[in-house]
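A short worksheet on the structure shown next.
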Number of protein chains: 2
Amino acid sequence: MTGGGCCAPISEAALDPAAAAEGAAVFKALADPIRLRLMSIIASAGGELCVCDITPQFEVSGPTISHHLRVLREAGLVDCERRGTWVYYWPMPDRLRWLSALLSTPEPSAASR
Amino acid sequence: MTGGGCCAPISEAALDPAAAAEGAAVFKALADPIRLRLMSIIASAGGELCVCDITPQFEVSGPTISHHLRVLREAGLVDCERRGTWVYYWPMPDRLRWLSALLSTPEPSAASR
DNA sequence: AGTCAAGATAGATGTATGTCGAAACAGGAG
DNA sequence: CTCCTGTTTCGACATACATCTATCTTGACT
């Protein structure tokens, strides 16, 4: 990955094709209901979370959860570590902040339109 | 549908399945390089933009741009109006702000740089 | 009316993606 | 070492999606 996270908000300047491709790849990781919920569960946990505590919250099979976690990890949104039998996941807040900044838009407080 | 735009950031509380589905649908609209660039071009234009000024900036065919604009419109990210021969698009900033707020994450410490 | 141009829609096609069951892998416990 | 449990990887399948060409719609102009 290029490292990313360096662009102005899209309401200030248009993205060049390369930046758009990089941003779209991360949004794609969040563009699935299960993955977005996974991300919110991990991000709101306040620390790390065992896969064994995550999987039962969903209706889909274990391999499917594992697949979605991998997508989130490859997008740089979470990271994980195996400790003994269990695997723990935690969020990567910088990546979330980058996306949030990309989409940020000034309030129409006193002005135009 | 919940009406949208009412949830706490994902780093504060996990999304319920319905909210995750709604959020994922909007992220999916931004999960394509061409659509994300389209969105940034429209959002940074400072007003409305004619399709005829947008299409030449891309390497794909007109119908493809039309298709992507429709996806953005159905996601509530832009809106459009026909005036005479031309069609004009403008951004819906509330929707962008909602996504940005969803992903916002507190800084780990007092920021500075 | 006829013609032209801008955009949108329809249909077709190749590729990507979500899901599963089965199998492999990694560690702990007997 | 052998078994058992938690997690990932593999292979297969059905559906969804991006893109194209061809066609339709809308409005302007002669």
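How things are named: the first chain in the structure tokens is A, the next is B, and so on; residues count from 1 in each chain; ligands count from 1 in the order shown.
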Which chain A residues are at most 9 Å from chain C (counting only C-alpha atoms (C1' of nucleotides)), as a list in words?
-> Val60, Ser61, Pro63, Thr64, Gly84 and Thr85 of chain A
Residues from the last selection, N, CA and C atoms, saved as a compact mmCIF listing (two decimals), in the first residue's frame:
```
# COMPACT_ATOMS: atom_id res chain seq x y z
N VAL A 60 -23.84 -16.22 9.90
CA VAL A 60 -23.11 -16.91 8.84
C VAL A 60 -22.04 -17.82 9.44
N SER A 61 -21.48 -18.66 8.59
CA SER A 61 -20.54 -19.67 9.06
C SER A 61 -19.21 -19.06 9.50
N PRO A 63 -16.08 -19.84 8.54
CA PRO A 63 -15.21 -19.46 7.42
C PRO A 63 -15.61 -18.13 6.78
N THR A 64 -16.91 -17.84 6.74
CA THR A 64 -17.32 -16.57 6.16
C THR A 64 -16.84 -15.40 7.01
N GLY A 84 -2.02 -18.46 21.57
CA GLY A 84 -2.48 -19.79 21.92
C GLY A 84 -3.53 -20.25 20.94
N THR A 85 -4.61 -20.74 21.43
CA THR A 85 -5.65 -21.28 20.57
C THR A 85 -6.44 -20.16 19.89
```
Enumerate, in order of chain and increasing residue number, the residues of chain D with an atom no farther than 10 Å from chain A, each with its shortest atom pair and distance in Å to one decimal, counting only C-alpha atoms (C1' of nucleotides), as JSON lines.
```
{"residue": "D:DT5", "atom": "C1'", "partner": "A:Thr85", "partner_atom": "CA", "distance": 8.2}
{"residue": "D:DG6", "atom": "C1'", "partner": "A:Thr85", "partner_atom": "CA", "distance": 6.1}
{"residue": "D:DT7", "atom": "C1'", "partner": "A:Val87", "partner_atom": "CA", "distance": 7.5}
{"residue": "D:DT8", "atom": "C1'", "partner": "A:Ser66", "partner_atom": "CA", "distance": 6.9}
{"residue": "D:DT9", "atom": "C1'", "partner": "A:Pro63", "partner_atom": "CA", "distance": 8.9}
```
Selected residues written out, N, CA and C atoms (P, O5', C5', C4', C3', O3' and C1' of nucleotides), as a PDB file, in the first residue's frame:
```
ATOM      1  P    DT D   5     -14.087 -31.160  20.955  1.00  0.00           P
ATOM      2  O5'  DT D   5     -13.797 -29.603  21.176  1.00  0.00           O
ATOM      3  C5'  DT D   5     -12.801 -29.167  22.094  1.00  0.00           C
ATOM      4  C4'  DT D   5     -12.202 -27.844  21.615  1.00  0.00           C
ATOM      5  C3'  DT D   5     -13.138 -26.995  20.763  1.00  0.00           C
ATOM      6  O3'  DT D   5     -13.023 -25.645  21.154  1.00  0.00           O
ATOM      7  C1'  DT D   5     -11.121 -27.319  19.621  1.00  0.00           C
ATOM      8  P    DG D   6     -14.039 -24.484  20.649  1.00  0.00           P
ATOM      9  O5'  DG D   6     -13.122 -23.434  19.887  1.00  0.00           O
ATOM     10  C5'  DG D   6     -12.026 -22.849  20.574  1.00  0.00           C
ATOM     11  C4'  DG D   6     -11.102 -22.163  19.587  1.00  0.00           C
ATOM     12  C3'  DG D   6     -11.801 -21.194  18.631  1.00  0.00           C
ATOM     13  O3'  DG D   6     -11.018 -20.007  18.551  1.00  0.00           O
ATOM     14  C1'  DG D   6     -10.574 -22.794  17.394  1.00  0.00           C
ATOM     15  P    DT D   7     -11.593 -18.689  17.799  1.00  0.00           P
ATOM     16  O5'  DT D   7     -10.955 -18.798  16.337  1.00  0.00           O
ATOM     17  C5'  DT D   7      -9.536 -18.656  16.203  1.00  0.00           C
ATOM     18  C4'  DT D   7      -9.087 -19.041  14.803  1.00  0.00           C
ATOM     19  C3'  DT D   7      -9.726 -18.256  13.658  1.00  0.00           C
ATOM     20  O3'  DT D   7      -8.769 -17.344  13.151  1.00  0.00           O
ATOM     21  C1'  DT D   7      -9.398 -20.567  13.135  1.00  0.00           C
ATOM     22  P    DT D   8      -9.048 -16.414  11.857  1.00  0.00           P
ATOM     23  O5'  DT D   8      -8.418 -17.290  10.673  1.00  0.00           O
ATOM     24  C5'  DT D   8      -7.059 -17.718  10.779  1.00  0.00           C
ATOM     25  C4'  DT D   8      -6.720 -18.666   9.643  1.00  0.00           C
ATOM     26  C3'  DT D   8      -6.951 -18.094   8.240  1.00  0.00           C
ATOM     27  O3'  DT D   8      -5.737 -18.224   7.511  1.00  0.00           O
ATOM     28  C1'  DT D   8      -7.920 -20.251   8.430  1.00  0.00           C
ATOM     29  P    DT D   9      -5.636 -17.604   6.016  1.00  0.00           P
ATOM     30  O5'  DT D   9      -5.857 -18.891   5.077  1.00  0.00           O
ATOM     31  C5'  DT D   9      -4.990 -19.999   5.198  1.00  0.00           C
ATOM     32  C4'  DT D   9      -5.449 -21.145   4.298  1.00  0.00           C
ATOM     33  C3'  DT D   9      -5.707 -20.744   2.835  1.00  0.00           C
ATOM     34  O3'  DT D   9      -5.043 -21.679   2.008  1.00  0.00           O
ATOM     35  C1'  DT D   9      -7.555 -21.916   3.685  1.00  0.00           C
TER      36       DT D   9
END
```
Excluding region 3-18 of chain B and residues on its chain fewer than 3 positions from it, collect all residues at most 8 Å away from it, counting only C-alpha atoms (C1' of nucleotides), and give them as a ChimeraX atom specification.
-> /A:33-34,37,39-41,43-46 /B:21-22,95,98-99,101-105
Work out how far apart CA of Phe27 (chain A) and CA of Leu96 (chain B) are and give it in Å to one decimal.
-> 13.1 Å
Mind checking which residues fall within 12 Å of Lys28 (chain B), counting only C-alpha atoms (C1' of nucleotides), ignoring those fewer than 4 positions away in the same chain, and posting them as a ChimeraX atom specification?
-> /A:23-33,35-36 /B:20-24,32-33,35-36,68,71-72,74-75,77,99 /D:17
